[in-house]
$ cat upload30.tsv   # TSV, C-alpha atoms
chain	number	residue	atom	x	y	z
W	1	ALA	CA	-119.99	-37.36	-32.83
W	2	PHE	CA	-116.63	-35.65	-32.40
W	3	ASP	CA	-114.89	-38.98	-31.69
W	4	GLN	CA	-116.48	-40.47	-34.80
W	5	ALA	CA	-115.18	-37.59	-36.89
W	6	LEU	CA	-111.72	-38.31	-35.45
W	7	SER	CA	-112.09	-42.07	-36.10
W	8	GLY	CA	-112.10	-42.84	-32.38
W	9	GLY	CA	-110.13	-39.96	-30.94
W	10	TRP	CA	-106.92	-37.97	-31.27
W	11	PRO	CA	-104.05	-39.95	-32.82
W	12	ARG	CA	-101.38	-41.04	-30.36
W	13	GLY	CA	-97.78	-40.30	-31.22
W	14	HIS	CA	-98.69	-37.12	-33.08
W	15	VAL	CA	-99.36	-33.45	-32.39
W	16	SER	CA	-102.92	-32.40	-33.19
W	17	GLU	CA	-104.60	-29.03	-32.79
W	18	VAL	CA	-107.98	-27.59	-31.98
W	19	VAL	CA	-108.39	-23.93	-32.88
W	20	GLY	CA	-111.10	-21.32	-33.03
W	21	PRO	CA	-112.12	-17.89	-31.81
W	22	PRO	CA	-113.40	-17.28	-28.27
W	23	SER	CA	-116.65	-19.17	-27.53
W	24	SER	CA	-116.04	-21.64	-30.35
W	25	GLY	CA	-115.82	-24.68	-28.06
W	26	ARG	CA	-112.07	-25.26	-28.08
W	27	THR	CA	-111.86	-25.31	-24.26
W	28	SER	CA	-114.81	-27.71	-24.08
W	29	VAL	CA	-113.09	-30.06	-26.53
W	30	MET	CA	-109.88	-29.84	-24.49
W	31	MET	CA	-111.75	-30.57	-21.24
W	32	ALA	CA	-113.63	-33.50	-22.81
W	33	THR	CA	-110.30	-34.91	-24.02
W	34	LEU	CA	-108.78	-34.59	-20.52
W	35	ALA	CA	-111.90	-36.07	-18.89
W	36	ALA	CA	-111.87	-39.08	-21.23
W	37	ALA	CA	-108.19	-39.75	-20.56
W	38	THR	CA	-108.38	-39.37	-16.77
W	39	SER	CA	-111.55	-41.49	-16.55
W	40	LYS	CA	-109.55	-44.35	-18.10
W	41	GLY	CA	-106.80	-43.94	-15.48
W	42	GLY	CA	-104.47	-41.88	-17.66
W	43	VAL	CA	-102.28	-39.08	-16.39
W	44	VAL	CA	-102.50	-35.84	-18.38
W	45	ALA	CA	-100.60	-32.56	-18.46
W	46	VAL	CA	-101.79	-29.06	-19.26
W	47	VAL	CA	-99.15	-26.48	-20.11
W	48	ASP	CA	-101.23	-23.38	-19.45
W	49	VAL	CA	-99.15	-20.66	-21.10
W	50	ALA	CA	-101.43	-17.74	-20.13
W	51	ASP	CA	-102.57	-19.10	-16.73
W	52	ARG	CA	-106.24	-19.44	-17.73
W	53	PHE	CA	-106.99	-23.08	-16.78
W	54	ASP	CA	-109.93	-23.26	-14.38
W	55	PRO	CA	-109.83	-26.32	-12.10
W	56	ALA	CA	-113.51	-25.92	-11.10
W	57	SER	CA	-114.58	-26.02	-14.76
W	58	ALA	CA	-112.34	-29.03	-15.31
W	59	VAL	CA	-114.00	-30.91	-12.44
W	60	ALA	CA	-117.44	-29.96	-13.79
W	61	ALA	CA	-116.39	-31.41	-17.17
W	62	GLY	CA	-115.41	-34.71	-15.50
W	63	VAL	CA	-111.63	-34.27	-15.25
W	64	ASP	CA	-109.99	-36.08	-12.32
W	65	LEU	CA	-107.63	-33.38	-11.00
W	66	ASP	CA	-105.59	-35.99	-9.11
W	67	ARG	CA	-104.42	-37.17	-12.54
W	68	VAL	CA	-103.50	-33.71	-13.94
W	69	LEU	CA	-100.10	-32.05	-14.03
W	70	TRP	CA	-100.84	-28.33	-14.38
W	71	VAL	CA	-97.92	-26.18	-15.51
W	72	ARG	CA	-98.92	-22.54	-15.07
W	73	GLY	CA	-97.52	-19.70	-17.11
W	74	PRO	CA	-97.38	-16.08	-15.97
W	75	ASN	CA	-100.59	-14.18	-15.41
W	76	MET	CA	-100.74	-12.09	-18.59
W	77	THR	CA	-103.11	-9.41	-17.31
W	78	TRP	CA	-100.70	-7.59	-14.96
W	79	GLY	CA	-97.12	-6.42	-14.99
W	80	ALA	CA	-94.84	-6.34	-18.03
W	81	PRO	CA	-96.05	-5.41	-21.51
W	82	GLN	CA	-98.08	-8.17	-23.19
W	83	SER	CA	-95.53	-8.63	-25.97
W	84	THR	CA	-92.65	-9.30	-23.56
W	85	VAL	CA	-94.67	-11.59	-21.31
W	86	GLY	CA	-96.22	-13.37	-24.32
W	87	ASP	CA	-92.88	-14.12	-25.99
W	88	LEU	CA	-91.31	-15.42	-22.79
W	89	ALA	CA	-94.41	-17.40	-21.81
W	90	VAL	CA	-94.61	-19.10	-25.21
W	91	ARG	CA	-90.93	-20.11	-25.15
W	92	ARG	CA	-91.23	-21.47	-21.60
W	93	GLY	CA	-94.48	-23.24	-22.45
W	94	LEU	CA	-92.93	-24.93	-25.46
W	95	ARG	CA	-89.99	-26.06	-23.36
W	96	ALA	CA	-92.30	-27.48	-20.69
W	97	PHE	CA	-94.42	-29.26	-23.33
W	98	ASP	CA	-91.28	-30.77	-24.86
W	99	LEU	CA	-89.89	-31.95	-21.50
W	100	ILE	CA	-93.18	-33.50	-20.39
W	101	VAL	CA	-93.55	-35.48	-23.62
W	102	ARG	CA	-89.94	-36.65	-23.38
W	103	ALA	CA	-90.47	-37.73	-19.76
W	104	GLY	CA	-93.19	-40.15	-20.88
W	105	GLY	CA	-96.07	-41.67	-18.98
W	106	PHE	CA	-98.71	-39.12	-20.03
W	107	ALA	CA	-101.81	-40.04	-22.01
W	108	VAL	CA	-102.40	-36.45	-23.17
W	109	VAL	CA	-100.21	-33.36	-23.08
W	110	VAL	CA	-101.91	-30.05	-23.93
W	111	LEU	CA	-100.18	-26.82	-24.89
W	112	GLU	CA	-102.83	-24.16	-24.26
W	113	LEU	CA	-102.01	-21.07	-26.36
W	114	ALA	CA	-105.52	-19.66	-26.83
W	115	ASP	CA	-105.07	-16.47	-24.81
W	116	VAL	CA	-101.52	-15.75	-25.91
W	117	PRO	CA	-101.05	-12.89	-28.38
W	118	GLU	CA	-101.10	-14.53	-31.82
W	119	ARG	CA	-98.03	-12.52	-32.79
W	120	ALA	CA	-95.98	-14.35	-30.14
W	121	VAL	CA	-96.99	-17.74	-31.59
W	122	ARG	CA	-96.48	-16.69	-35.21
W	123	ALA	CA	-92.97	-15.41	-34.38
W	124	LEU	CA	-91.76	-18.96	-33.74
W	125	PRO	CA	-89.79	-20.62	-36.53
W	126	ALA	CA	-91.56	-23.42	-38.47
W	127	SER	CA	-88.88	-25.81	-37.23
W	128	THR	CA	-90.41	-25.51	-33.74
W	129	TRP	CA	-93.46	-27.52	-34.80
W	130	LEU	CA	-91.38	-30.05	-36.73
W	131	ARG	CA	-89.26	-30.64	-33.64
W	132	LEU	CA	-92.35	-31.17	-31.46
W	133	ALA	CA	-93.81	-33.58	-34.02
W	134	HIS	CA	-90.53	-35.50	-33.99
W	135	VAL	CA	-90.52	-35.72	-30.20
W	136	HIS	CA	-94.02	-37.29	-30.31
W	137	GLU	CA	-93.13	-39.99	-32.85
W	138	ASP	CA	-93.50	-43.54	-31.52
W	139	ARG	CA	-94.90	-42.39	-28.18
W	140	ASP	CA	-98.23	-43.40	-26.68
W	141	THR	CA	-99.10	-39.76	-26.00
W	142	VAL	CA	-101.61	-37.42	-27.59
W	143	GLY	CA	-100.10	-33.98	-28.14
W	144	LEU	CA	-102.79	-31.31	-28.37
W	145	LEU	CA	-102.24	-27.65	-29.25
W	146	VAL	CA	-105.10	-25.27	-28.40
W	147	GLY	CA	-105.20	-21.83	-29.98
W	148	THR	CA	-107.10	-19.20	-31.91
W	149	ALA	CA	-105.60	-19.95	-35.34
W	150	PRO	CA	-103.81	-22.90	-36.94
W	151	ILE	CA	-100.51	-23.38	-35.14
W	152	GLY	CA	-98.27	-26.31	-35.98
W	153	ARG	CA	-99.80	-28.63	-38.51
W	154	SER	CA	-98.43	-32.11	-38.02
W	155	ALA	CA	-98.34	-34.61	-40.87
W	156	GLY	CA	-99.88	-37.35	-38.72
W	157	GLY	CA	-101.96	-35.18	-36.43
W	158	VAL	CA	-105.42	-33.76	-36.87
W	159	SER	CA	-106.29	-30.08	-37.23
W	160	VAL	CA	-109.78	-29.15	-36.10
W	161	SER	CA	-111.10	-25.62	-36.52
W	162	LEU	CA	-114.22	-24.82	-34.50
W	163	ARG	CA	-116.89	-22.19	-34.80
W	164	GLY	CA	-119.53	-21.40	-32.19
W	165	THR	CA	-122.96	-20.12	-33.16
W	166	GLY	CA	-125.35	-18.63	-30.64
W	167	GLU	CA	-128.70	-20.33	-30.14
W	168	TRP	CA	-131.43	-18.00	-28.99
W	169	ALA	CA	-134.69	-18.58	-27.11
W	170	GLY	CA	-137.73	-16.35	-26.77
W	171	ALA	CA	-140.54	-15.43	-29.12
W	172	SER	CA	-140.12	-11.65	-29.12
W	173	ALA	CA	-137.21	-9.23	-29.11
W	174	GLN	CA	-137.93	-8.39	-25.46
W	175	SER	CA	-137.82	-12.00	-24.32
W	176	ARG	CA	-134.92	-13.10	-26.48
W	177	ARG	CA	-132.02	-14.63	-24.55
W	178	LEU	CA	-128.95	-16.73	-25.26
W	179	ALA	CA	-129.88	-20.37	-24.74
W	180	GLY	CA	-126.50	-21.86	-25.60
W	181	LEU	CA	-123.85	-22.34	-28.24
W	182	ARG	CA	-123.77	-24.80	-31.09
W	183	VAL	CA	-120.19	-25.85	-31.78
W	184	GLN	CA	-119.35	-26.90	-35.31
W	185	PRO	CA	-116.11	-28.02	-36.87
W	186	GLN	CA	-115.23	-26.09	-40.00
$ encode --input "upload30.tsv" --output "structure tokens"
Amino acid sequence: AFDQALSGGWPRGHVSEVVGPPSSGRTSVMMATLAAATSKGGVVAVVDVADRFDPASAVAAGVDLDRVLWVRGPNMTWGAPQSTVGDLAVRRGLRAFDLIVRAGGFAVVVLELADVPERAVRALPASTWLRLAHVHEDRDTVGLLVGTAPIGRSAGGVSVSLRGTGEWAGASAQSRRLAGLRVQPQ
């Protein structure tokens, strides 16, 4: 259903984005995208700005880890203040994303910004996103930004905002339990 909504998938040669709050399904969409690309023999890259990528979850989602370049950012839970680490991590992540796309040969390149302080992303000049869109032009690569709020809207890319709604099971308040999440694009 998601592929149909995207008319067959993410557009190549453009930067698209999938955003939403925690538990909205953005990581699942990212993993499904990586799994689809690696199952077709493509090589993918994940620029993991906050060092949150979980290889075991990726394998469970069908991602072939032998076909993944994983660029890890600093662990943002220890050490320097979040603002300092976040600013530096975002700048380094953007640089890595840019270099990987320019290198070529990747089916999908993801810039994972979901756990980065939103202030660090918002502090970037608008020209940052225009430059990344320009780098993607005429390439056979899907650029995918993952975050909590709209990031860098590209003229040719797709912006998908997700929302997760809890689905509950059990007939009474005492037996009620979370049965899953329903992910919906907004």
$ closest_residue --input "upload30.tsv" --among "W:Arg95, W:Ser161, W:Asp3, W:Arg102" --to "Asp140 in chain W" --atoms "only C-alpha atoms"
W:Arg102
$ closest_residue --input "upload30.tsv" --among "W:Ser16, W:Gln4, W:Thr148, W:Ser172" --to "Asp115 in chain W" --atoms "all atoms listed in the file"
W:Thr148
$ atom_distance --input "upload30.tsv" --atom1 "CA of Ala120 in chain W" --atom2 "CA of Val43 in chain W"
29.0 Å
$ atom_distance --input "upload30.tsv" --atom1 "CA of Asp66 in chain W" --atom2 "CA of Arg12 in chain W"
22.2 Å
$ atom_distance --input "upload30.tsv" --atom1 "CA of Gly104 in chain W" --atom2 "CA of Glu118 in chain W"
29.0 Å
$ closest_residue --input "upload30.tsv" --among "W:Ala5, W:Gly13, W:Val108, W:Val160" --to "Ala36 in chain W" --atoms "all atoms listed in the file"
W:Val108
$ axis_aligned_box --input "upload30.tsv" --around "range 138-152 of chain W" --padding-each-side "5 Å" --output "JSON"
{"center_x": -100.3, "center_y": -31.4, "center_z": -31.5, "size_x": 23.6, "size_y": 34.3, "size_z": 20.9}
$ residues_near_point --input "upload30.tsv" --point "(-101.8, -30.0, -24.5)" --cutoff "12 Å" --atoms "all atoms listed in the file" --output "PyMOL selection string"
chain W and resi 10+14-18+26-27+29-31+33-34+44-49+53+68-71+93-94+96-98+100-101+106-114+132+141-147
$ closest_residue --input "upload30.tsv" --among "W:Ser57, W:Leu6, W:Pro11, W:Pro117" --to "Glu137 in chain W" --atoms "only C-alpha atoms"
W:Pro11
$ closest_residue --input "upload30.tsv" --among "W:Gly157, W:Gly180, W:Gly170, W:Gly20" --to "His136 in chain W" --atoms "only C-alpha atoms"
W:Gly157
$ closest_residue --input "upload30.tsv" --among "W:Ala61, W:Arg72, W:Gly42, W:Trp129" --to "Ala155 in chain W" --atoms "only C-alpha atoms"
W:Trp129
